[in-house]
Amino acid sequence: MAAQGTGGPGGRVVLGVDSSTQSTKVLAVDAGTGEVLARGQAPHTVSTGAGRETDPEVWWQALLSALGQIGEYAARAEAVAVGGQQHGLVVLDGAGTPLRPALLWNDTRSAPQAAALVERHGAQWWAERFGSVPGASFTVAKWEWLRENEPEAAAAAAAVRLPHDFLTERLSGAAVTDRGDVSGTGWWASDREEYDHELLAGVGLDPALLPAVLGPGQQAGEVRDGLPVRAGALVGAGTGDNAAAALGLGLTPGRAVLSLGTSGTVYSVSRQRPADPTGIVAGFAAADGGWLPLACTLNCTLAVDKVAALLGRDREDVEPGGSVAFLPFLDGERTPNLPYASGLLTGLRHETTAGQVLQGAYDGAVYALLGALDQVLAVDGAEAAGSAEPLLLIGGGARGAAWLRTVRRLSGRDVQVPRAAELVALGAAVQAASLLTGESAAAIASRWGTADGPVHAALPRDDDALARLAAALPLA
């Protein structure tokens, strides 16, 4: 059931949607105060085995279910925006019906296609032109996989969308995306901020199949008749999940975020366009018009929970010490780029406990993220500024004591955990409120106090654990 707040009956209501890998969440938010008035959530079904796929109709039904849970607030809403999981490939027929399940960001079957694309043009070309070197997660690699493995589906495609585009189009009827999410496709040239027709021709994709790219603050359309949201409510452009969370936090240059979810991410906003030929830092665009240098890992909370389940322990049941080094790369890995990797556990001894093995899984997941943090901040030359600010810790894992202690122990930095939860949905609500009021997203986030929360003092850095992990996986 929805958890309702105490917001007054006359306040203006906006909706923020987070369509993630595992579920869709909807927040009804008072546009003036930022108070969360109601919440709705419905789960997704994700395939297991070699691939990671979800039927986009599952997302739509989950959104309708979540909207139904917030009752009157959906009927009162004056604006709505969608934050969605990045990179996924959605192919539709002429009626807007999915031709096949969506290929999700964490489906690594497209690794050979990504490698071939990089070899064809060179990593430097990709970085300079698109801001990122594509890996298996990128939509262009998934499109190439589809062309090679299911050519009939690729040939039948009348529209190609990202996950958040699909939901925005179902709400409004508008075939649009935004610069934040489209910058993770591998076919939007960030140096010119437009689709790259040369690249599209090379991968056999007609640009007419792609949505229009909206800029910051632009409106996608209005809510169609017959939906749980009030007809005529404004629909924002939406954006990718990390760009939405950055909006929700009112993120400023030099401030770093570490997000612990199904994937792990580290990112900041920058004034300069990223262009890292190593591929570690993805040069995404920010939804507010700036840039969002980001590094992403595939294995984070789900991988650690899987290890806990294998050990028969609660996820918080960790023990300090020991000699293990654990790289929990259960789904391959994106950072570092090891799409065919599996989990690696070394340093086991007779005295090793199950709790120490579980702690090792936490350490390995956090180690990969921290290894990319300095490079993310270096895009703006912000290493010094970033180290002076507490590291913002968000995502589901930020609420876990073991995750928080591990980040503090391995980073040696102060860590701030915002009180506001569900920051992707909250960031989408910020975008919706900006559309409604005309204020900047940063001004709204500041007024709502979205980044406020306790600061946890740094712990002495565990150099022994870092050395064990570096021996197993050198990052430099």
# chains A, B, ... in the order shown; residues from 1 in each chain; ligands from 1
call {"tool": "residues_around", "arguments": {"residues": "region 297-311 of chain A", "least_positions_apart": "5", "cutoff": "6 Å", "atoms": "only C-alpha atoms", "output": "number ranges by chain"}}
result
A: 261-264, 329, 333-335, 361, 365
call {"tool": "write_last_selection", "arguments": {"atoms": "C-alpha atoms", "output": "short mmCIF file (atom, residue, chain, number, x, y, z; two decimals), in the first residue's frame"}}
result
data_model
loop_
_atom_site.label_atom_id
_atom_site.label_comp_id
_atom_site.auth_asym_id
_atom_site.auth_seq_id
_atom_site.Cartn_x
_atom_site.Cartn_y
_atom_site.Cartn_z
CA GLY A 261 22.02 -0.61 -6.39
CA THR A 262 21.73 -3.54 -8.80
CA SER A 263 24.62 -1.77 -10.49
CA GLY A 264 27.15 0.36 -8.68
CA PHE A 329 31.93 -10.46 -10.77
CA GLU A 333 31.98 -6.83 -15.28
CA ARG A 334 31.84 -3.43 -16.93
CA THR A 335 34.37 -1.53 -14.78
CA ALA A 361 32.34 -9.66 -1.34
CA ALA A 365 32.31 -4.54 -5.01
#
call {"tool": "closest_atom_pairs", "arguments": {"of": "region 24-133 of chain A", "to": "region 407-424 of chain A", "cutoff": "9 Å", "atoms": "only C-alpha atoms", "output": "tab-separated table"}}
result
residue	atom	partner	partner_atom	distance
A:Lys25	CA	A:Glu422	CA	8.2
A:Leu27	CA	A:Glu422	CA	8.5
A:Val82	CA	A:Val424	CA	8.9
A:Gly83	CA	A:Val424	CA	6.1
A:Gly84	CA	A:Val424	CA	8.1
call {"tool": "write_last_selection", "arguments": {"atoms": "N, CA, C and O atoms", "output": "short mmCIF file (atom, residue, chain, number, x, y, z; two decimals), in the first residue's frame"}}
result
data_model
loop_
_atom_site.label_atom_id
_atom_site.label_comp_id
_atom_site.auth_asym_id
_atom_site.auth_seq_id
_atom_site.Cartn_x
_atom_site.Cartn_y
_atom_site.Cartn_z
N LYS A 25 8.78 2.44 -9.43
CA LYS A 25 8.33 3.19 -8.27
C LYS A 25 7.76 4.52 -8.75
O LYS A 25 8.27 5.12 -9.70
N LEU A 27 6.53 8.30 -7.03
CA LEU A 27 6.37 9.20 -5.90
C LEU A 27 5.43 10.32 -6.29
O LEU A 27 5.59 10.93 -7.35
N VAL A 82 9.66 10.67 -16.11
CA VAL A 82 10.12 9.29 -15.93
C VAL A 82 11.65 9.24 -15.93
O VAL A 82 12.30 9.72 -16.86
N GLY A 83 12.21 8.65 -14.88
CA GLY A 83 13.61 8.27 -14.87
C GLY A 83 13.69 6.77 -15.09
O GLY A 83 12.95 6.01 -14.46
N GLY A 84 14.57 6.32 -15.98
CA GLY A 84 14.58 4.90 -16.30
C GLY A 84 15.97 4.33 -16.40
O GLY A 84 16.96 5.05 -16.58
#
call {"tool": "closest_residue", "arguments": {"among": "A:Leu103, A:Arg170, A:Ala62, A:His121", "to": "Glu198 (chain A)", "atoms": "only C-alpha atoms"}}
result
A:His121
call {"tool": "closest_residue", "arguments": {"among": "A:Leu358, A:Arg129, A:Asp363, A:Ala443", "to": "Asp462 (chain A)", "atoms": "only C-alpha atoms"}}
result
A:Asp363
call {"tool": "select_by_dssp", "arguments": {"residues": "region 236-474 of chain A", "states": "alpha helix (DSSP H)", "output": "NGL selection string"}}
result
:A and (241-249 or 301-311 or 354-378 or 383-388 or 401-411 or 423-437 or 441-448 or 463-472)
